[in-house]
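Accompanying notes for the structure given below.
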Amino acid sequence: MSPAPTFTSAFLQTLQARGYVHQISHPEELDQAAAAGVVSAYIGFDATASSLHVGNLVSVMLLRRLQQAGGKPIVLMGGGTTKVGDPSGKDATRQLLTADQIDANIDSIKQVFGKFLTFGDGPTDAVMVNNDAWLSRFGYIEFLRDYGVHFTVNRMLTFDSVKTRLEREQPLTFIEFNYMLMQAVDFLELSRRHGCALQMGGSDQWGNIINGVDLIRRVDQRPAFAVTTPLITTASGAKMGKTAAGAVWLNADRLSPYDYWQFWRNTEDADVGKFLRLFTDLPLDEIAVLEALEGAGINEAKKVLANEATALLHGRDEAERAAEAARRAFEDGAVSGDLPSIDIPAAALAAGVPLAVLAVDAGLAPSRSEARRLAQGGGLRVNDKQEPDAQRLITAADIGEGGMIKLAAGKKKIVLVKIVGP
RNA sequence: GGGGGAAUGUCCCGAGCGGCAAAGGGGGCGGACUGUAAAUCCGCUGGCUACGCCUUCGCAGGUUCGAGUCCUGCUUCCCCCA
């Protein structure tokens, strides 16, 4: 996909070598700029959910690479653009969020960036801005006169985000149609306010980004560049980070460090090298060694991946705890307090609780019927013993080592039941 | 404006003589095999106070012992004519 030119700047060399590059708008010019001084670049993040997920992680890592290479990262929170909704890659209009929801989401999302970037006032310190600051201030006619004149509908209709909607004869509302203008104006504003010369993003953002590049070059005659990352898929073709349990969230309150670690640990063999390059800071030569491991040996590489990726997000301590909990659970068959757990009152246990109820409470099955089927299929274990009868009452007699009851659905999902209270 | 078609299991695609909890895929989950991988094979894939009960086929009515299936109206989408 990429022309694979040789770059002189550390930044682009790294991006190229680690697999972040899908498209670059003016490669030579950007390379020179990056080699010559501090490049300031931004990535925009929607505020459609209360947490980012692994799908956003490539972008976050991209900003990290920028900072590591001596650039200045700008995190743009899409407080304003989220009010409009990006039609890219969606075949239906999405529900509009209220301003309050958006603000709450931004608050919740913010914290994650501190783990990956250094914020501050220095020349290469990261900054965070919210495009609501300028977008919500425009008057309609003012906006049209200042920016609308630079966009032709003829050209807007050629963008994929618009074209696919029209081709599928799905409605594209006027508000969505405006999204690309707003994103272009964002880039222009950041160029003026922060000297931002580069916008990065996923490959689906290429059209949106190029609009901004063109706008800046036309209106201000200033340099502007675009870099997009490839869509990260697993080797078997699935979009990364979608599991039945839901998205792989970055916020700890939506996905525990243990589960996050497990997500990486369960990477397919064929993806280990790619993920190590994208999602860890390990040097490329170390990755090459890990990637070359064969057979069961590659499990070691997966553990390194899980450790490093989890350490970046949740800290080294949490990563080690997750790794240790996993090691004991999967390699020793023992339990440790760091496994996911639920509490049950001793009184309830004395009366006996049907296994199906417990399994649902533990999140191992979505319904009692499902728990029943799971048990019948041999997928439900109590203290490592298959239990085909989900009706069976779990009582104090089932308390195992550590004074807890170990429930498992399948080989990978383990939940400890801790007994509390009278 | 006129004519013709479509909407199915709350993940998707899709079959469905008036007896239907509804064929078949995909996906997902579980089992076996492995290495917490992939591939392969097998099972499961509406809920519940469970030999029964309840809720499901765009929406609202109707015919019928009985409706996803027939009738009427409505909504949305597609195709053809103007």
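By convention in this document, the chains of the structure tokens carry letters A, B, ... by their order, each chain's residues are numbered from 1, and ligands are numbered from 1 in the order they are shown.
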
Task: Contact residues (chain A, partner chain B, 8 Å, only C-alpha atoms (C1' of nucleotides)) as a PyMOL selection string - done: chain A and resi 244+265-269+295-296+299+330+369+373-374+377-379+410-412

Could you write out the selected residues, including N, CA and C atoms, as an mmCIF file, in the first residue's frame?
```cif
data_model
loop_
_atom_site.group_PDB
_atom_site.id
_atom_site.type_symbol
_atom_site.label_atom_id
_atom_site.label_comp_id
_atom_site.auth_asym_id
_atom_site.auth_seq_id
_atom_site.Cartn_x
_atom_site.Cartn_y
_atom_site.Cartn_z
ATOM 1 N N ALA A 244 -17.065 -11.421 21.859
ATOM 2 C CA ALA A 244 -18.466 -11.594 22.217
ATOM 3 C C ALA A 244 -18.774 -10.854 23.503
ATOM 4 N N ARG A 265 -2.865 -11.911 25.597
ATOM 5 C CA ARG A 265 -2.321 -13.258 25.719
ATOM 6 C C ARG A 265 -2.959 -14.207 24.686
ATOM 7 N N ASN A 266 -4.203 -13.940 24.340
ATOM 8 C CA ASN A 266 -4.920 -14.799 23.409
ATOM 9 C C ASN A 266 -4.767 -14.411 21.941
ATOM 10 N N THR A 267 -3.802 -13.580 21.677
ATOM 11 C CA THR A 267 -3.507 -13.201 20.298
ATOM 12 C C THR A 267 -3.201 -14.437 19.443
ATOM 13 N N GLU A 268 -3.617 -14.388 18.195
ATOM 14 C CA GLU A 268 -3.263 -15.479 17.291
ATOM 15 C C GLU A 268 -1.766 -15.455 17.013
ATOM 16 N N ASP A 269 -1.206 -16.639 16.809
ATOM 17 C CA ASP A 269 0.229 -16.733 16.525
ATOM 18 C C ASP A 269 0.678 -15.748 15.469
ATOM 19 N N GLY A 295 6.215 -22.969 17.352
ATOM 20 C CA GLY A 295 5.442 -23.912 18.141
ATOM 21 C C GLY A 295 4.987 -23.285 19.445
ATOM 22 N N ALA A 296 5.057 -24.093 20.504
ATOM 23 C CA ALA A 296 4.595 -23.619 21.803
ATOM 24 C C ALA A 296 5.446 -22.467 22.318
ATOM 25 N N ASN A 299 4.243 -18.871 22.783
ATOM 26 C CA ASN A 299 3.480 -18.454 23.956
ATOM 27 C C ASN A 299 4.268 -17.473 24.810
ATOM 28 N N PHE A 330 -3.427 -20.847 35.051
ATOM 29 C CA PHE A 330 -3.324 -21.683 33.857
ATOM 30 C C PHE A 330 -2.157 -22.656 33.905
ATOM 31 N N SER A 369 -30.816 -20.021 31.338
ATOM 32 C CA SER A 369 -30.953 -21.040 30.293
ATOM 33 C C SER A 369 -29.602 -21.300 29.636
ATOM 34 N N ARG A 373 -27.371 -24.749 29.414
ATOM 35 C CA ARG A 373 -26.820 -25.375 28.196
ATOM 36 C C ARG A 373 -25.309 -25.523 28.307
ATOM 37 N N LEU A 374 -24.690 -24.477 28.824
ATOM 38 C CA LEU A 374 -23.241 -24.497 28.992
ATOM 39 C C LEU A 374 -22.841 -25.699 29.845
ATOM 40 N N GLY A 377 -23.247 -28.974 28.093
ATOM 41 C CA GLY A 377 -22.201 -29.178 27.091
ATOM 42 C C GLY A 377 -20.841 -29.418 27.714
ATOM 43 N N GLY A 378 -20.806 -29.482 29.029
ATOM 44 C CA GLY A 378 -19.536 -29.754 29.693
ATOM 45 C C GLY A 378 -18.645 -28.541 29.836
ATOM 46 N N GLY A 379 -19.231 -27.360 29.682
ATOM 47 C CA GLY A 379 -18.399 -26.163 29.712
ATOM 48 C C GLY A 379 -18.330 -25.461 31.054
ATOM 49 N N GLY A 410 -15.669 -22.737 30.233
ATOM 50 C CA GLY A 410 -14.636 -23.000 29.262
ATOM 51 C C GLY A 410 -13.282 -23.023 29.944
ATOM 52 N N LYS A 411 -12.246 -22.901 29.151
ATOM 53 C CA LYS A 411 -10.905 -23.026 29.702
ATOM 54 C C LYS A 411 -10.348 -21.690 30.141
ATOM 55 N N LYS A 412 -10.966 -20.610 29.660
ATOM 56 C CA LYS A 412 -10.312 -19.326 29.854
ATOM 57 C C LYS A 412 -10.999 -18.396 30.837
#
```

Open item on the list: Residues within 12 Å of G62 of chain B, please, as a ChimeraX atom specification. Count only C-alpha atoms (C1' of nucleotides); anything in the same chain fewer than 5 positions from it doesn't count.
Closed with: /B:67,70-73

Open item on the list: List as a PyMOL selection string the protein and nucleic acid residues near G16 of chain B, meaning an atom at most 8 Å away when only C-alpha atoms (C1' of nucleotides) are counted, but skip any in the same chain fewer than 4 places from it.
Closed with: chain B and resi 22-23+68

Those same residues, written as a JSON list (two decimals), in the first residue's frame with N, CA and C atoms (P, O5', C5', C4', C3', O3' and C1' of nucleotides)?
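Written output follows (out.json):
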```json
[["chain", "number", "residue", "atom", "x", "y", "z"],
["B", 22, "A", "P", -39.26, -25.43, 17.06],
["B", 22, "A", "O5'", -39.49, -24.44, 15.83],
["B", 22, "A", "C5'", -38.39, -23.85, 15.21],
["B", 22, "A", "C4'", -38.74, -23.52, 13.79],
["B", 22, "A", "C3'", -37.63, -22.75, 13.07],
["B", 22, "A", "O3'", -36.81, -23.65, 12.38],
["B", 22, "A", "C1'", -39.68, -21.54, 12.95],
["B", 23, "A", "P", -35.30, -23.66, 12.71],
["B", 23, "A", "O5'", -34.71, -24.50, 11.47],
["B", 23, "A", "C5'", -35.31, -25.75, 11.14],
["B", 23, "A", "C4'", -34.97, -26.12, 9.72],
["B", 23, "A", "C3'", -33.50, -26.01, 9.33],
["B", 23, "A", "O3'", -32.72, -27.07, 9.83],
["B", 23, "A", "C1'", -34.83, -25.11, 7.62],
["B", 68, "G", "P", -47.93, -16.88, 13.96],
["B", 68, "G", "O5'", -46.79, -16.35, 12.99],
["B", 68, "G", "C5'", -46.63, -14.95, 12.78],
["B", 68, "G", "C4'", -45.91, -14.70, 11.49],
["B", 68, "G", "C3'", -46.76, -14.98, 10.25],
["B", 68, "G", "O3'", -47.46, -13.84, 9.85],
["B", 68, "G", "C1'", -44.65, -16.07, 10.08]]
```

- [ ] With a distance cut-off of 12 Å and only C-alpha atoms (C1' of nucleotides), select the neighbouring residues of G1 of chain B, excluding the residue or stretch itself and same-chain residues fewer than 2 positions from it, and output the selection as a ChimeraX atom specification.
- [x] /B:3,81-82

- [ ] Could you please write out, as JSON, numbers by chain, every residue of segment 127-349 of chain A that DSSP assigns to strand (DSSP E)?
- [x] {"A": [127, 128, 129, 130, 198, 199, 200, 201, 202, 225, 226, 227, 228, 229, 242, 243, 246, 247, 341, 342, 343, 344, 345]}

Keeping all heavy atoms for every residue in the selection just given, could you write it to a file as a compact mmCIF listing (two decimals), in the first residue's frame?
```txt
# COMPACT_ATOMS: atom_id res chain seq x y z
N VAL A 127 -0.48 18.24 24.46
CA VAL A 127 -1.58 19.08 24.93
C VAL A 127 -2.90 18.46 24.50
O VAL A 127 -2.96 17.70 23.54
CB VAL A 127 -1.50 20.52 24.37
CG1 VAL A 127 -0.28 21.24 24.90
CG2 VAL A 127 -1.52 20.51 22.85
N MET A 128 -3.93 18.79 25.24
CA MET A 128 -5.26 18.28 24.91
C MET A 128 -6.19 19.46 24.68
O MET A 128 -6.20 20.41 25.46
CB MET A 128 -5.79 17.43 26.06
CG MET A 128 -7.14 16.81 25.75
SD MET A 128 -7.71 15.74 27.12
CE MET A 128 -6.56 14.39 27.04
N VAL A 129 -6.90 19.41 23.58
CA VAL A 129 -7.84 20.50 23.28
C VAL A 129 -9.19 19.89 22.90
O VAL A 129 -9.27 18.73 22.52
CB VAL A 129 -7.33 21.39 22.12
CG1 VAL A 129 -6.12 22.19 22.55
CG2 VAL A 129 -7.02 20.56 20.89
N ASN A 130 -10.20 20.71 23.01
CA ASN A 130 -11.56 20.26 22.69
C ASN A 130 -12.10 21.16 21.57
O ASN A 130 -12.15 22.38 21.73
CB ASN A 130 -12.43 20.38 23.94
CG ASN A 130 -13.83 19.81 23.73
OD1 ASN A 130 -14.31 19.71 22.59
ND2 ASN A 130 -14.48 19.45 24.81
N LEU A 198 0.32 18.41 11.01
CA LEU A 198 0.03 17.04 10.59
C LEU A 198 -1.18 16.49 11.32
O LEU A 198 -1.31 16.64 12.53
CB LEU A 198 1.26 16.16 10.91
CG LEU A 198 1.10 14.65 10.82
CD1 LEU A 198 0.78 14.21 9.41
CD2 LEU A 198 2.38 13.95 11.31
N GLN A 199 -2.08 15.91 10.54
CA GLN A 199 -3.17 15.19 11.16
C GLN A 199 -3.03 13.72 10.85
O GLN A 199 -2.77 13.33 9.71
CB GLN A 199 -4.54 15.69 10.67
CG GLN A 199 -5.69 14.96 11.38
CD GLN A 199 -7.08 15.34 10.89
OE1 GLN A 199 -8.06 14.74 11.27
NE2 GLN A 199 -7.16 16.35 10.04
N MET A 200 -3.20 12.90 11.87
CA MET A 200 -3.10 11.47 11.67
C MET A 200 -4.44 10.83 12.01
O MET A 200 -5.32 11.47 12.59
CB MET A 200 -1.98 10.91 12.56
CG MET A 200 -0.66 11.64 12.34
SD MET A 200 0.76 10.93 13.18
CE MET A 200 0.46 11.35 14.89
N GLY A 201 -4.58 9.55 11.65
CA GLY A 201 -5.85 8.89 11.95
C GLY A 201 -5.92 7.55 11.24
O GLY A 201 -4.97 7.14 10.57
N GLY A 202 -7.02 6.88 11.39
CA GLY A 202 -7.23 5.61 10.72
C GLY A 202 -7.46 5.82 9.22
O GLY A 202 -7.75 6.92 8.78
N PHE A 225 0.01 18.14 6.45
CA PHE A 225 0.24 16.78 6.01
C PHE A 225 -0.78 15.81 6.60
O PHE A 225 -1.44 16.13 7.58
CB PHE A 225 1.64 16.32 6.44
CG PHE A 225 2.73 17.26 6.04
CD1 PHE A 225 3.22 18.19 6.95
CD2 PHE A 225 3.24 17.25 4.75
CE1 PHE A 225 4.22 19.08 6.58
CE2 PHE A 225 4.24 18.14 4.37
CZ PHE A 225 4.73 19.06 5.29
N ALA A 226 -0.86 14.65 5.96
CA ALA A 226 -1.78 13.62 6.42
C ALA A 226 -1.04 12.29 6.52
O ALA A 226 -0.24 11.96 5.65
CB ALA A 226 -2.94 13.47 5.46
N VAL A 227 -1.27 11.58 7.61
CA VAL A 227 -0.76 10.22 7.74
C VAL A 227 -1.91 9.36 8.24
O VAL A 227 -2.59 9.73 9.20
CB VAL A 227 0.41 10.13 8.75
CG1 VAL A 227 0.73 8.67 9.06
CG2 VAL A 227 1.64 10.83 8.21
N THR A 228 -2.14 8.24 7.58
CA THR A 228 -3.16 7.33 8.10
C THR A 228 -2.57 5.97 8.39
O THR A 228 -1.59 5.56 7.79
CB THR A 228 -4.34 7.13 7.13
OG1 THR A 228 -3.85 6.66 5.87
CG2 THR A 228 -5.10 8.43 6.92
N THR A 229 -3.20 5.28 9.34
CA THR A 229 -2.77 3.94 9.72
C THR A 229 -3.68 2.92 9.03
O THR A 229 -4.83 3.22 8.73
CB THR A 229 -2.91 3.73 11.23
OG1 THR A 229 -4.27 3.98 11.60
CG2 THR A 229 -2.01 4.68 11.99
N LYS A 242 -12.91 -6.92 18.76
CA LYS A 242 -14.31 -7.24 18.95
C LYS A 242 -14.41 -8.66 19.49
O LYS A 242 -14.00 -9.61 18.84
CB LYS A 242 -15.08 -7.17 17.62
CG LYS A 242 -15.08 -5.80 17.00
CD LYS A 242 -16.14 -4.92 17.65
CE LYS A 242 -16.31 -3.68 16.87
NZ LYS A 242 -16.36 -2.43 17.38
N THR A 243 -14.92 -8.79 20.68
CA THR A 243 -15.16 -10.12 21.21
C THR A 243 -16.63 -10.21 21.57
O THR A 243 -17.32 -9.20 21.61
CB THR A 243 -14.32 -10.39 22.47
OG1 THR A 243 -14.82 -9.57 23.53
CG2 THR A 243 -12.87 -10.07 22.23
N GLY A 246 -17.84 -8.13 24.21
CA GLY A 246 -17.93 -6.71 23.94
C GLY A 246 -16.58 -6.15 23.56
O GLY A 246 -15.64 -6.89 23.33
N ALA A 247 -16.52 -4.84 23.47
CA ALA A 247 -15.28 -4.20 23.07
C ALA A 247 -14.21 -4.37 24.13
O ALA A 247 -14.51 -4.61 25.30
CB ALA A 247 -15.54 -2.73 22.80
N SER A 341 -13.56 -11.80 40.51
CA SER A 341 -14.31 -12.45 41.58
C SER A 341 -15.65 -11.76 41.83
O SER A 341 -15.86 -10.63 41.42
CB SER A 341 -13.49 -12.43 42.88
OG SER A 341 -13.39 -11.09 43.35
N ILE A 342 -16.54 -12.49 42.46
CA ILE A 342 -17.78 -11.91 42.94
C ILE A 342 -17.94 -12.31 44.40
O ILE A 342 -17.30 -13.25 44.86
CB ILE A 342 -19.02 -12.41 42.15
CG1 ILE A 342 -19.12 -13.94 42.23
CG2 ILE A 342 -18.97 -11.94 40.72
CD1 ILE A 342 -20.46 -14.49 41.79
N ASP A 343 -18.78 -11.60 45.11
CA ASP A 343 -19.00 -11.90 46.52
C ASP A 343 -20.36 -12.56 46.70
O ASP A 343 -21.31 -12.25 45.98
CB ASP A 343 -18.97 -10.61 47.35
CG ASP A 343 -17.59 -10.00 47.36
OD1 ASP A 343 -16.61 -10.75 47.17
OD2 ASP A 343 -17.48 -8.77 47.51
N ILE A 344 -20.43 -13.44 47.65
CA ILE A 344 -21.72 -14.03 47.99
C ILE A 344 -21.82 -14.08 49.52
O ILE A 344 -20.86 -14.45 50.19
CB ILE A 344 -21.87 -15.45 47.39
CG1 ILE A 344 -23.27 -16.00 47.69
CG2 ILE A 344 -20.81 -16.39 47.90
CD1 ILE A 344 -23.54 -17.32 47.01
N PRO A 345 -22.98 -13.70 50.08
CA PRO A 345 -23.15 -13.74 51.53
C PRO A 345 -23.14 -15.18 52.01
O PRO A 345 -23.70 -16.06 51.36
CB PRO A 345 -24.54 -13.11 51.75
CG PRO A 345 -24.87 -12.41 50.47
CD PRO A 345 -24.15 -13.15 49.38
```

Task: Distance in Å - atom CA of Asp214 of chain A versus atom CA of Tyr179 of chain A - done: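 These two atoms are separated by 15.8 Å.
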
TODO: For atom CA of Ile24 of chain A and atom CA of Glu291 of chain A, quote the distance in Å rounded to one decimal.
DONE: 27.4 Å

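Between atom CA of Ala347 of chain A and atom CA of Val415 of chain A the separation is 20.1 Å.
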